[in-house]
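Below: start25.cif (mmCIF, C-alpha atoms)
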data_run
#
loop_
_atom_site.label_atom_id
_atom_site.label_comp_id
_atom_site.auth_asym_id
_atom_site.auth_seq_id
_atom_site.Cartn_x
_atom_site.Cartn_y
_atom_site.Cartn_z
CA MET A 1 110.61 -37.83 16.53
CA THR A 2 106.93 -37.02 16.48
CA ILE A 3 105.35 -35.29 19.44
CA SER A 4 103.05 -38.25 20.09
CA ARG A 5 106.05 -40.56 20.43
CA MET A 6 107.69 -38.16 22.88
CA ILE A 7 104.50 -37.94 24.94
CA LYS A 8 104.27 -41.71 25.07
CA GLN A 9 107.95 -42.42 25.83
CA LEU A 10 108.22 -39.77 28.55
CA ASP A 11 104.75 -40.36 29.95
CA LEU A 12 103.73 -36.70 29.61
CA GLU A 13 100.33 -35.26 30.38
CA THR A 14 98.85 -33.35 27.45
CA ILE A 15 97.36 -30.00 28.45
CA VAL A 16 97.11 -28.47 24.98
CA GLN A 17 97.10 -30.69 21.93
CA ALA A 18 98.58 -29.04 18.87
CA GLY A 19 98.71 -31.92 16.40
CA GLU A 20 100.04 -35.45 16.74
CA THR A 21 102.41 -35.32 13.82
CA ILE A 22 104.46 -32.31 14.93
CA GLU A 23 108.09 -33.22 14.41
CA ILE A 24 110.39 -32.44 17.34
CA LYS A 25 113.84 -31.83 15.85
CA ASN A 26 115.65 -30.45 18.83
CA ALA A 27 115.26 -29.53 22.51
CA PHE A 28 116.28 -26.74 24.84
CA THR A 29 116.27 -26.68 28.63
CA SER A 30 116.16 -23.33 30.42
CA ASP A 31 114.18 -21.29 32.91
CA LEU A 32 115.57 -17.99 31.71
CA LEU A 33 113.36 -16.58 29.00
CA SER A 34 116.10 -14.36 27.56
CA ASP A 35 118.27 -17.45 27.26
CA VAL A 36 115.48 -19.29 25.43
CA MET A 37 114.90 -16.31 23.18
CA ALA A 38 118.56 -15.99 22.31
CA ASN A 39 119.64 -19.62 22.06
CA ALA A 40 116.80 -22.11 21.60
CA PRO A 41 116.87 -23.76 18.17
CA SER A 42 113.62 -23.51 16.23
CA ASP A 43 111.34 -26.58 16.01
CA SER A 44 112.45 -27.40 19.54
CA VAL A 45 110.64 -28.63 22.56
CA LEU A 46 111.25 -26.32 25.53
CA ILE A 47 111.88 -28.00 28.89
CA THR A 48 111.22 -25.53 31.70
CA ILE A 49 109.53 -24.77 35.00
CA GLN A 50 108.32 -21.34 33.85
CA ALA A 51 104.58 -22.05 33.85
CA HIS A 52 103.13 -18.73 32.74
CA LYS A 53 101.82 -16.95 29.70
CA ASN A 54 105.10 -15.21 28.86
CA THR A 55 106.75 -18.56 28.18
CA VAL A 56 104.22 -19.06 25.37
CA ALA A 57 105.09 -15.63 23.95
CA VAL A 58 108.79 -16.52 23.90
CA ALA A 59 108.04 -19.92 22.38
CA THR A 60 106.03 -18.27 19.60
CA LEU A 61 108.85 -15.85 18.85
CA ALA A 62 111.58 -18.47 18.99
CA GLY A 63 109.68 -20.94 16.82
CA ILE A 64 109.34 -23.50 19.61
CA THR A 65 106.61 -26.03 18.89
CA ALA A 66 106.07 -27.61 22.31
CA ILE A 67 106.59 -26.74 25.98
CA ILE A 68 107.10 -29.30 28.74
CA VAL A 69 106.34 -27.87 32.17
CA CYS A 70 108.39 -29.84 34.73
CA SER A 71 108.18 -30.70 38.42
CA GLY A 72 104.39 -30.72 38.39
CA ARG A 73 104.21 -26.92 38.39
CA PRO A 74 100.59 -25.78 38.21
CA ILE A 75 99.70 -24.30 34.83
CA PRO A 76 97.52 -21.18 34.92
CA GLU A 77 94.44 -20.93 32.72
CA ASP A 78 95.77 -17.96 30.71
CA MET A 79 98.84 -19.96 29.74
CA ILE A 80 96.64 -22.78 28.43
CA GLN A 81 94.56 -20.24 26.55
CA ALA A 82 97.66 -18.59 25.03
CA ALA A 83 99.19 -21.92 23.96
CA GLY A 84 95.89 -22.88 22.32
CA ASP A 85 95.73 -19.55 20.48
CA GLU A 86 99.31 -19.82 19.23
CA GLY A 87 99.09 -23.51 18.33
CA ILE A 88 101.84 -24.57 20.71
CA ALA A 89 101.64 -27.96 22.42
CA LEU A 90 101.62 -27.70 26.21
CA LEU A 91 102.72 -30.77 28.17
CA LYS A 92 103.21 -31.47 31.84
CA THR A 93 105.17 -33.92 33.99
CA LYS A 94 106.08 -34.57 37.65
CA ASN A 95 109.71 -35.17 36.65
CA ASN A 96 112.29 -32.39 36.88
CA GLN A 97 114.14 -30.68 34.01
CA PHE A 98 117.18 -32.98 34.30
CA GLN A 99 115.10 -36.15 34.06
CA VAL A 100 113.02 -34.83 31.17
CA SER A 101 116.09 -33.53 29.32
CA GLY A 102 117.73 -36.96 29.66
CA GLY A 103 114.67 -38.70 28.32
CA VAL A 104 114.29 -36.35 25.34
CA TYR A 105 118.03 -36.60 24.57
CA GLN A 106 117.79 -40.38 24.57
CA GLU A 107 114.90 -40.26 22.13
CA LEU A 108 116.56 -37.74 19.79
CA TYR A 109 120.16 -38.94 19.81
CA GLY A 110 120.29 -42.18 21.83
CA MET B 1 106.49 24.17 42.93
CA THR B 2 104.28 23.33 39.97
CA THR B 3 101.34 21.39 41.31
CA LEU B 4 99.10 19.67 38.83
CA PRO B 5 95.82 18.09 39.86
CA PHE B 6 96.95 14.67 38.62
CA ASP B 7 99.95 12.38 38.88
CA THR B 8 102.02 13.01 35.78
CA LEU B 9 104.07 9.82 36.19
CA ASP B 10 101.13 7.48 35.84
CA SER B 11 99.26 9.55 33.29
CA SER B 12 99.10 9.10 29.59
CA LEU B 13 102.26 10.36 27.95
CA THR B 14 100.18 12.08 25.30
CA LEU B 15 98.22 14.09 27.86
CA VAL B 16 101.30 15.12 29.81
CA GLU B 17 103.08 16.10 26.60
CA LEU B 18 100.05 18.10 25.60
CA ILE B 19 99.94 20.35 28.66
CA TYR B 20 103.64 21.05 28.29
CA ARG B 21 103.54 21.50 24.54
CA LEU B 22 100.55 23.83 24.46
CA LYS B 23 101.35 27.40 25.40
CA ILE B 24 99.12 29.73 27.36
CA LYS B 25 98.80 31.85 24.22
CA ASP B 26 97.25 28.84 22.44
CA ALA B 27 94.39 28.71 24.94
CA MET B 28 93.87 32.30 26.09
CA VAL B 29 91.21 34.69 24.80
CA ARG B 30 92.96 37.45 22.89
CA ASN B 31 90.09 39.81 22.42
CA VAL B 32 90.02 41.15 25.97
CA HIS B 33 87.47 43.69 27.15
CA THR B 34 89.35 46.25 29.19
CA ALA B 35 88.61 49.44 31.05
CA GLY B 36 90.64 52.59 31.66
CA ARG B 37 91.76 53.73 35.11
CA THR B 38 89.25 56.59 35.21
CA ASP B 39 86.26 54.56 34.01
CA SER B 40 83.55 54.27 36.65
CA LEU B 41 82.71 50.97 38.23
CA ARG B 42 79.21 51.45 36.78
CA THR B 43 80.69 51.51 33.25
CA ILE B 44 82.64 48.34 34.03
CA GLN B 45 79.54 46.64 35.42
CA LYS B 46 77.71 47.38 32.12
CA LEU B 47 80.68 46.12 30.13
CA MET B 48 80.61 42.86 32.13
CA LYS B 49 76.91 42.44 31.47
CA GLU B 50 77.24 43.10 27.73
CA SER B 51 80.23 40.84 27.20
CA SER B 52 79.21 38.17 29.77
CA VAL B 53 82.56 38.12 31.52
CA THR B 54 83.22 38.19 35.24
CA GLY B 55 86.49 40.12 35.33
CA ILE B 56 87.67 43.24 33.51
CA PRO B 57 91.39 44.16 33.42
CA VAL B 58 92.12 47.83 33.92
CA LYS B 59 94.82 49.30 31.70
CA ASP B 60 96.88 52.42 31.64
CA GLY B 61 97.95 52.66 28.02
CA LYS B 62 99.22 49.17 27.18
CA ARG B 63 100.10 48.40 30.75
CA LEU B 64 97.92 46.33 33.04
CA ILE B 65 97.40 48.08 36.35
CA GLY B 66 94.53 46.19 37.97
CA LEU B 67 91.44 44.05 37.64
CA VAL B 68 87.81 44.58 38.57
CA SER B 69 85.93 41.39 39.34
CA VAL B 70 82.23 40.72 39.88
CA ASP B 71 83.02 40.63 43.60
CA ASP B 72 84.40 44.19 43.44
CA ILE B 73 81.22 45.32 41.65
CA MET B 74 79.02 43.69 44.31
CA SER B 75 80.98 45.38 47.10
CA ALA B 76 80.62 48.70 45.24
CA LEU B 77 76.85 48.30 44.99
CA ASP B 78 76.72 47.29 48.61
CA GLY B 79 78.95 50.16 49.78
CA ASN B 80 77.24 52.63 47.46
CA TYR B 81 80.34 53.72 45.52
CA ILE B 82 79.48 52.28 42.11
CA GLU B 83 80.07 55.68 40.44
CA ASP B 84 83.70 55.82 41.72
CA LYS B 85 86.66 55.36 39.39
CA ALA B 86 88.07 51.92 38.74
CA GLU B 87 91.53 52.84 40.01
CA ASP B 88 90.14 53.63 43.47
CA HIS B 89 88.78 50.14 44.11
CA MET B 90 90.27 47.65 41.67
CA SER B 91 92.45 44.77 42.83
CA ARG B 92 96.03 45.86 42.25
CA ASN B 93 97.87 42.90 43.59
CA LEU B 94 97.50 40.71 40.51
CA ILE B 95 98.71 37.24 39.72
CA VAL B 96 99.55 37.12 36.03
CA LEU B 97 100.79 34.54 33.54
CA GLU B 98 103.08 34.98 30.58
CA ASP B 99 101.90 34.01 27.10
CA ASP B 100 104.92 31.80 26.37
CA MET B 101 104.51 29.63 29.50
CA PRO B 102 103.32 26.05 28.99
CA LEU B 103 99.67 25.40 29.75
CA SER B 104 100.75 23.33 32.76
CA PHE B 105 101.57 26.64 34.53
CA ALA B 106 98.03 27.91 34.09
CA ILE B 107 96.61 24.60 35.35
CA SER B 108 98.81 24.70 38.43
CA TYR B 109 97.95 28.39 39.05
CA PHE B 110 94.25 27.54 39.06
CA GLU B 111 95.00 24.80 41.59
CA LYS B 112 97.07 27.15 43.71
CA TYR B 113 95.22 30.49 43.68
CA ARG B 114 91.57 29.62 43.07
CA TYR B 115 90.90 32.70 40.92
CA GLY B 116 88.44 32.51 38.05
CA ARG B 117 90.85 33.96 35.50
CA PHE B 118 94.38 35.24 35.06
CA PRO B 119 95.50 38.15 32.88
CA VAL B 120 98.21 37.12 30.40
CA LEU B 121 101.16 39.39 29.60
CA ASN B 122 103.78 39.13 26.88
CA LYS B 123 107.52 39.50 27.38
CA ASP B 124 107.20 43.29 27.35
CA LYS B 125 104.66 43.14 30.18
CA GLU B 126 101.82 44.20 27.89
CA LEU B 127 98.37 42.71 28.38
CA VAL B 128 97.75 40.31 25.48
CA GLY B 129 94.97 38.07 26.76
CA ILE B 130 93.04 36.55 29.58
CA ILE B 131 92.66 32.88 30.49
CA SER B 132 89.94 31.09 32.46
CA SER B 133 89.67 27.41 33.35
CA ARG B 134 87.00 27.19 30.66
CA ASP B 135 89.54 28.28 28.02
CA ILE B 136 91.92 25.56 29.21
CA ILE B 137 89.24 22.89 29.04
CA VAL B 138 88.21 23.95 25.54
CA SER B 139 91.76 24.05 24.18
CA LEU B 140 92.64 20.71 25.79
CA LEU B 141 89.50 19.05 24.43
CA LEU B 142 90.30 20.29 20.94
CA GLU B 143 93.89 19.06 21.15
CA ILE B 144 92.96 15.73 22.75
CA ASN B 145 90.47 15.24 19.97
CA LYS B 146 93.21 15.79 17.40
CA GLU B 147 95.54 13.39 19.22
CA VAL B 148 92.89 10.69 19.54
CA GLU B 149 92.04 11.01 15.86
CA ARG B 150 95.72 10.64 15.05
CA LEU B 151 96.07 7.56 17.28
CA GLU B 152 92.90 6.02 15.86
CA ARG B 153 94.21 6.54 12.36
CA GLU B 154 97.49 4.93 13.36
CA ASN B 155 95.69 1.92 14.82
CA ASP B 156 93.15 1.53 12.04
CA SER B 157 95.56 1.65 9.17
CA GLY B 158 97.69 -0.90 11.02
CA SER B 159 100.83 0.32 9.43
CA GLN B 160 101.86 3.65 8.09
CA GLN B 161 103.93 4.62 5.14
CA THR B 162 106.62 7.23 5.70
CA GLU B 163 107.33 9.87 3.07
CA SER B 164 110.00 7.65 1.60
CA GLY B 165 107.40 4.90 1.17
CA HIS B 166 108.65 2.68 4.00
CA MET B 167 106.58 1.03 6.65
CA VAL B 168 106.36 2.10 10.29
CA ARG B 169 104.40 0.53 13.10
CA ARG B 170 104.26 1.66 16.67
CA PHE B 171 103.05 -0.29 19.70
CA MET B 172 102.36 1.14 23.13
CA VAL B 173 103.85 -0.92 25.97
CA LYS B 174 102.69 -0.50 29.56
CA GLN B 175 104.70 -0.79 32.75
CA LEU B 176 104.53 -4.25 34.38
CA ASP B 177 101.84 -5.40 31.96
CA PHE B 178 102.92 -9.05 31.83
CA GLU B 179 99.46 -9.85 30.51
CA LYS B 180 100.22 -8.30 27.11
CA ALA B 181 104.01 -8.73 27.24
CA GLY B 182 105.39 -10.10 24.00
CA LYS B 183 102.37 -9.02 21.98
CA ALA B 184 104.16 -6.22 20.15
CA SER B 185 107.09 -8.51 19.25
CA THR B 186 104.69 -11.21 18.07
CA GLU B 187 102.94 -8.68 15.84
CA ILE B 188 106.30 -7.54 14.50
CA LYS B 189 107.26 -11.13 13.73
CA LYS B 190 104.00 -11.75 11.85
CA LEU B 191 104.50 -8.57 9.89
CA LEU B 192 108.02 -9.56 8.81
CA LYS B 193 106.82 -13.03 7.92
CA ALA B 194 104.10 -11.53 5.73
CA LYS B 195 106.79 -9.44 4.01
CA GLY B 196 108.63 -12.65 3.17
CA ILE B 197 111.77 -11.83 5.11
CA ASP B 198 114.27 -14.63 5.72
CA THR B 199 113.48 -16.75 8.82
CA ARG B 200 116.93 -16.36 10.38
CA LEU B 201 116.72 -12.60 10.02
CA ILE B 202 113.24 -12.64 11.52
CA ARG B 203 114.61 -14.50 14.52
CA ARG B 204 117.29 -11.84 15.05
CA ILE B 205 114.77 -9.03 14.74
CA ALA B 206 112.38 -10.89 17.05
CA VAL B 207 115.10 -11.26 19.70
CA ALA B 208 115.76 -7.51 19.61
CA ALA B 209 112.07 -6.62 19.63
CA TYR B 210 111.23 -9.03 22.44
CA GLU B 211 114.08 -7.99 24.72
CA LEU B 212 113.35 -4.31 24.20
CA GLU B 213 109.64 -4.90 24.76
CA MET B 214 110.35 -6.77 28.02
CA ASN B 215 112.69 -3.99 29.11
CA LEU B 216 109.83 -1.53 28.65
CA VAL B 217 107.52 -3.79 30.71
CA VAL B 218 109.99 -4.62 33.47
CA HIS B 219 112.16 -1.54 33.86
CA THR B 220 110.28 1.55 32.65
CA HIS B 221 107.19 3.59 33.34
CA GLY B 222 106.02 2.42 29.93
CA GLY B 223 106.68 3.63 26.42
CA SER B 224 106.53 2.57 22.83
CA LEU B 225 108.13 0.00 20.59
CA SER B 226 108.26 0.80 16.91
CA ILE B 227 109.53 -0.87 13.81
CA THR B 228 110.55 0.81 10.58
CA LEU B 229 110.99 -1.35 7.54
CA GLU B 230 113.33 0.17 4.97
CA PRO B 231 114.48 -1.56 1.77
CA ASP B 232 117.94 -2.26 3.17
CA HIS B 233 117.38 -2.49 6.93
CA VAL B 234 114.93 -2.87 9.78
CA GLU B 235 115.01 -0.46 12.69
CA ILE B 236 113.56 -1.27 16.12
CA ARG B 237 113.13 1.67 18.43
CA ALA B 238 112.17 1.52 22.11
CA GLN B 239 111.32 4.82 23.73
CA ASP B 240 110.22 5.15 27.33
CA ARG B 241 109.20 7.86 29.76
CA GLY B 242 111.57 7.05 32.57
CA PRO B 243 113.15 6.45 34.94
CA GLY B 244 116.26 6.49 32.72
CA ILE B 245 119.45 4.46 33.07
CA GLU B 246 121.97 5.57 35.70
CA ASP B 247 124.95 3.83 34.13
CA VAL B 248 124.44 2.98 30.47
CA GLU B 249 127.75 1.09 30.27
CA LEU B 250 126.90 -1.09 33.26
CA ALA B 251 123.39 -1.76 31.96
CA GLN B 252 124.92 -3.37 28.86
CA THR B 253 127.09 -5.71 30.90
CA GLU B 254 126.00 -9.30 30.65
CA GLY B 255 124.60 -10.54 33.94
CA TYR B 256 123.96 -7.09 35.38
CA SER B 257 120.30 -6.47 36.21
CA THR B 258 118.27 -4.18 38.44
CA ALA B 259 115.22 -6.48 38.32
CA ASN B 260 113.67 -7.45 41.65
CA GLU B 261 113.13 -10.93 43.06
CA TRP B 262 109.62 -11.59 41.78
CA ILE B 263 110.47 -10.46 38.26
CA ARG B 264 113.46 -12.82 38.31
CA SER B 265 111.21 -15.64 39.48
CA LEU B 266 109.26 -15.25 36.22
CA GLY B 267 112.41 -15.94 34.25
CA PHE B 268 113.30 -12.33 33.47
CA GLY B 269 115.98 -9.98 34.77
CA ALA B 270 118.96 -12.21 34.08
CA GLY B 271 120.97 -9.30 32.71
CA MET B 272 120.83 -10.73 29.20
CA GLY B 273 118.40 -8.31 27.58
CA LEU B 274 120.57 -5.52 26.24
CA PRO B 275 123.54 -7.82 25.50
CA ASN B 276 121.16 -9.99 23.45
CA VAL B 277 119.86 -7.00 21.52
CA LYS B 278 123.40 -5.80 20.88
CA ARG B 279 124.47 -9.23 19.68
CA VAL B 280 121.75 -9.49 17.02
CA SER B 281 122.04 -5.86 15.87
CA ASP B 282 124.21 -4.41 13.14
CA GLN B 283 123.92 -1.02 14.76
CA PHE B 284 122.96 -0.31 18.33
CA SER B 285 122.62 2.84 20.42
CA ILE B 286 121.26 3.93 23.79
CA GLN B 287 120.48 7.45 24.84
CA SER B 288 119.32 7.89 28.39
CA LYS B 289 118.71 10.69 30.85
CA PRO B 290 118.15 9.66 34.46
CA GLY B 291 114.82 11.06 35.59
CA GLU B 292 113.56 11.44 32.03
CA GLY B 293 113.78 8.31 29.93
CA SER B 294 115.69 6.27 27.43
CA LEU B 295 115.75 5.64 23.72
CA VAL B 296 117.23 2.42 22.42
CA VAL B 297 117.62 2.08 18.66
CA CYS B 298 118.87 -0.99 16.88
CA THR B 299 119.25 -1.69 13.22
CA ILE B 300 119.44 -5.00 11.42
CA ASN B 301 120.59 -4.91 7.82
CA LEU B 302 118.65 -6.73 5.15
CA PRO B 303 120.60 -8.50 2.41
CA GLN B 304 120.50 -6.69 -0.92
CA GLU B 305 119.57 -8.71 -3.95
CA ASP B 306 122.08 -7.03 -6.24
CA SER B 307 124.84 -7.67 -3.72
CA HIS B 308 125.27 -11.06 -5.40
CA ASP B 309 127.04 -9.28 -8.21
CA ASP B 310 129.71 -8.06 -5.81
CA LYS B 311 130.13 -11.37 -4.06
CA PRO B 312 129.83 -14.24 -6.55
CA ASP B 313 130.82 -16.74 -3.82
CA ASP B 314 127.81 -15.79 -1.69
#
Once you've parsed the file, please lay out its structure as structure tokens.
Amino acid sequence: MTISRMIKQLDLETIVQAGETIEIKNAFTSDLLSDVMANAPSDSVLITIQAHKNTVAVATLAGITAIIVCSGRPIPEDMIQAAGDEGIALLKTKNNQFQVSGGVYQELYG
Amino acid sequence: MTTLPFDTLDSSLTLVELIYRLKIKDAMVRNVHTAGRTDSLRTIQKLMKESSVTGIPVKDGKRLIGLVSVDDIMSALDGNYIEDKAEDHMSRNLIVLEDDMPLSFAISYFEKYRYGRFPVLNKDKELVGIISSRDIIVSLLLEINKEVERLERENDSGSQQTESGHMVRRFMVKQLDFEKAGKASTEIKKLLKAKGIDTRLIRRIAVAAYELEMNLVVHTHGGSLSITLEPDHVEIRAQDRGPGIEDVELAQTEGYSTANEWIRSLGFGAGMGLPNVKRVSDQFSIQSKPGEGSLVVCTINLPQEDSHDDKPDD
């Protein structure tokens, strides 16, 4: 699915826009960055509560194209800056990781 | 024991290495003006004036037996015994250094004793030089200049070729610098991409580089992450300056971590780092000395083009 469809279906707030036509092929839910690094498929959206700059670094390395920050965690300015620099979409929601994961799963495989 | 006027743990590795690597004989003045035991203090005073030094060692043959300082000369003028022999008034209780000691000894001696200079002896207790704090400053400045030039060259050229024509890049990683964390690995990834290396291999190399980089940030006093690109393999090397790993076996156990609460709250310290590196590596080794530091080296093989001949099914 395209990122714009995911944003619309899950009612996500866009913090950093990286292109409307980005294709989300897979998803990965984790708050452990080593876990993301080791196991997240590339071209994924990452569902997490880790709202800091290092998440963007991991996303860049793991080939993740979008990050959804859950549970309304505040996003620091340097994370927004880093996502912008690396061309990674940064999205935000009040829902938790379980709810977001369910929604994304439905869209991808439902 | 050895007291240095700065904290060696938090200082630049290069500087600390320098004062241990340089020997006193590298910094000392070899051409020492000396006097004999029967020379008069007047003669020594003239010698000081001519050679603009403030301390003259007194020798008996090759052996150092004392030192006459400007202070001794002033006392002699004051007490009206400037025509007396050196041996009657020189300082005999001398603090000396040996030429093979690291420069750090001289620095700590200047901190400890507050003398202007120290005579330097060789193994056979012969006087071979004299060292002042000025000599230390000059030799350090010269060496630091060389080091900085070397580092600048390394940074400017971006990457270096080894003798065998392969590429090496080295990144410095600071302790608890979460601000720049992941930067070295990101650079490494870009570099491999530019070299046209297979995406799946890049991912494996990136996992190793990232975990080792984060280990440097989270667990060490800082160090360096370097990559060597050879025709048949990539080597990632993480070297740090302490504190070293108490139990190397335990440190490689999945789930074991020494990270504190706030580091864990950032999503690190899950005890997955080294196991992850090991998993993606074809070869993996750790050398560690508690109190000194660790060296982790991992190698990832690159597929060889002519290997298709051996494996037609591939």
Would you kindly return, as an MDAnalysis selection string, each protein, DNA or RNA residue with an atom no farther than 12 Å from any atom of A:Ile47, considering all atoms listed in the file and excluding same-chain residues fewer than 2 positions away? chainID A and resid 12 26:33 36 40 44:45 49:51 55 59 64:71 90:93 95:105
Selected residues written out, C-alpha atoms, as a short mmCIF file (atom, residue, chain, number, x, y, z; two decimals), in the coordinates of the input:
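Result saved to out_13.cif:
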data_model
loop_
_atom_site.label_atom_id
_atom_site.label_comp_id
_atom_site.auth_asym_id
_atom_site.auth_seq_id
_atom_site.Cartn_x
_atom_site.Cartn_y
_atom_site.Cartn_z
CA LEU A 12 103.73 -36.70 29.61
CA ASN A 26 115.65 -30.45 18.83
CA ALA A 27 115.26 -29.53 22.51
CA PHE A 28 116.28 -26.74 24.84
CA THR A 29 116.27 -26.68 28.63
CA SER A 30 116.16 -23.33 30.42
CA ASP A 31 114.18 -21.29 32.91
CA LEU A 32 115.57 -17.99 31.71
CA LEU A 33 113.36 -16.58 29.00
CA VAL A 36 115.48 -19.29 25.43
CA ALA A 40 116.80 -22.11 21.60
CA SER A 44 112.45 -27.40 19.54
CA VAL A 45 110.64 -28.63 22.56
CA ILE A 49 109.53 -24.77 35.00
CA GLN A 50 108.32 -21.34 33.85
CA ALA A 51 104.58 -22.05 33.85
CA THR A 55 106.75 -18.56 28.18
CA ALA A 59 108.04 -19.92 22.38
CA ILE A 64 109.34 -23.50 19.61
CA THR A 65 106.61 -26.03 18.89
CA ALA A 66 106.07 -27.61 22.31
CA ILE A 67 106.59 -26.74 25.98
CA ILE A 68 107.10 -29.30 28.74
CA VAL A 69 106.34 -27.87 32.17
CA CYS A 70 108.39 -29.84 34.73
CA SER A 71 108.18 -30.70 38.42
CA LEU A 90 101.62 -27.70 26.21
CA LEU A 91 102.72 -30.77 28.17
CA LYS A 92 103.21 -31.47 31.84
CA THR A 93 105.17 -33.92 33.99
CA ASN A 95 109.71 -35.17 36.65
CA ASN A 96 112.29 -32.39 36.88
CA GLN A 97 114.14 -30.68 34.01
CA PHE A 98 117.18 -32.98 34.30
CA GLN A 99 115.10 -36.15 34.06
CA VAL A 100 113.02 -34.83 31.17
CA SER A 101 116.09 -33.53 29.32
CA GLY A 102 117.73 -36.96 29.66
CA GLY A 103 114.67 -38.70 28.32
CA VAL A 104 114.29 -36.35 25.34
CA TYR A 105 118.03 -36.60 24.57
#
On this file, the PyMOL selection byres ((chain A and resi 16) around 9) gives some set of residues; write that set as number ranges by chain. A: 14-15, 17-18, 80-81, 83-84, 87-91
Could you pull the residues within 12 Å of stretch 245-247 of chain B, counting all atoms listed in the file, minus those fewer than 2 positions along the same chain, as a compact mmCIF listing (two decimals) with C-alpha atoms, in the frame of the given file?
# COMPACT_ATOMS: atom_id res chain seq x y z
CA ASN B 215 112.69 -3.99 29.11
CA HIS B 219 112.16 -1.54 33.86
CA THR B 220 110.28 1.55 32.65
CA ASP B 240 110.22 5.15 27.33
CA ARG B 241 109.20 7.86 29.76
CA GLY B 242 111.57 7.05 32.57
CA PRO B 243 113.15 6.45 34.94
CA GLU B 249 127.75 1.09 30.27
CA LEU B 250 126.90 -1.09 33.26
CA ALA B 251 123.39 -1.76 31.96
CA GLN B 252 124.92 -3.37 28.86
CA THR B 253 127.09 -5.71 30.90
CA TYR B 256 123.96 -7.09 35.38
CA SER B 257 120.30 -6.47 36.21
CA THR B 258 118.27 -4.18 38.44
CA ILE B 286 121.26 3.93 23.79
CA GLN B 287 120.48 7.45 24.84
CA SER B 288 119.32 7.89 28.39
CA LYS B 289 118.71 10.69 30.85
CA PRO B 290 118.15 9.66 34.46
CA GLY B 291 114.82 11.06 35.59
CA GLU B 292 113.56 11.44 32.03
CA GLY B 293 113.78 8.31 29.93
CA SER B 294 115.69 6.27 27.43
CA LEU B 295 115.75 5.64 23.72
CA VAL B 296 117.23 2.42 22.42
Taking only residues of stretch 124-221 of chain B that have an atom at most 12 Å from an atom of stretch 53-69 of chain B, what is each one's shortest atom pair and its distance in Å to one decimal, using only C-alpha atoms, in chain and number order, as a Markdown table?
| residue | atom | partner | partner_atom | distance |
| --- | --- | --- | --- | --- |
| B:Asp124 | CA | B:Arg63 | CA | 9.4 |
| B:Lys125 | CA | B:Arg63 | CA | 7.0 |
| B:Glu126 | CA | B:Arg63 | CA | 5.4 |
| B:Leu127 | CA | B:Leu64 | CA | 5.9 |
| B:Val128 | CA | B:Lys62 | CA | 9.1 |
| B:Gly129 | CA | B:Pro57 | CA | 9.7 |
| B:Ile130 | CA | B:Pro57 | CA | 8.7 |
| B:Ile131 | CA | B:Gly55 | CA | 10.7 |
| B:Ser132 | CA | B:Gly55 | CA | 10.1 |
| B:Arg134 | CA | B:Val53 | CA | 11.8 |
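The nearest approach to chain A among the residues B:Lys189, B:Arg170, B:Arg237, B:Lys123, with all atoms listed in the file taken into account, belongs to B:Lys189.
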Find the residues of chain B in contact range of chain A, meaning any atom within 7 Å when counting only C-alpha atoms, and list them as a PyMOL selection string. chain B and resi 181-182+186+203+206-207+266-268+272-273+276
Need the shell around stretch 137-146 of chain B: protein/DNA/RNA residues with any atom at most 9 Å away, counting all atoms listed in the file. Skip same-chain ones fewer than 3 positions apart. Format as a list in words?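 So the residues in contact are Thr14, Leu15, Leu18, Ile19, Leu22, Asp26, Ala27, Met28, Ser132, Ser133, Arg134, Glu149, Arg150 and Leu151 of chain B.
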Of the listed residues B:Ile24, B:Leu229, B:Ala238, B:Ala86, that which approaches B:Val173 most closely, counting all atoms listed in the file: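 Closest residue, counting all atoms listed in the file: B:Ala238.
Within 8 Å of A:Ile3, once all atoms listed in the file are used and residues closer than 2 positions along the same chain are dropped, the contacting residues are Met1, Arg5, Met6, Ile7, Glu20, Thr21, Ile22, Glu23 and Ile24 of chain A.
Computed from the coordinates, the atom CA of B:Val120 to atom CA of B:Phe105 distance equals 11.8 Å.
Reported to one decimal place, the separation of atom CA of B:Tyr20 from atom CA of B:Pro102 is 5.1 Å.
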Test item: residues at most 9 Å from B:Cys298, only C-alpha atoms, excluding those fewer than 2 positions along its chain, as a PyMOL selection string: chain B and resi 208+234-238+277-278+280-286+296+300
Could you check how far atom CA of B:Ser91 sits from atom CA of B:Ser52, in Å to one decimal?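 It comes out at 19.7 Å.
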Six-sided padding of 6 Å per side, axis-aligned box over stretch 61-75 of chain A, centre and edges in Å, one decimal, as JSON:
{"center_x": 105.6, "center_y": -23.3, "center_z": 27.6, "size_x": 23.9, "size_y": 26.9, "size_z": 33.6}
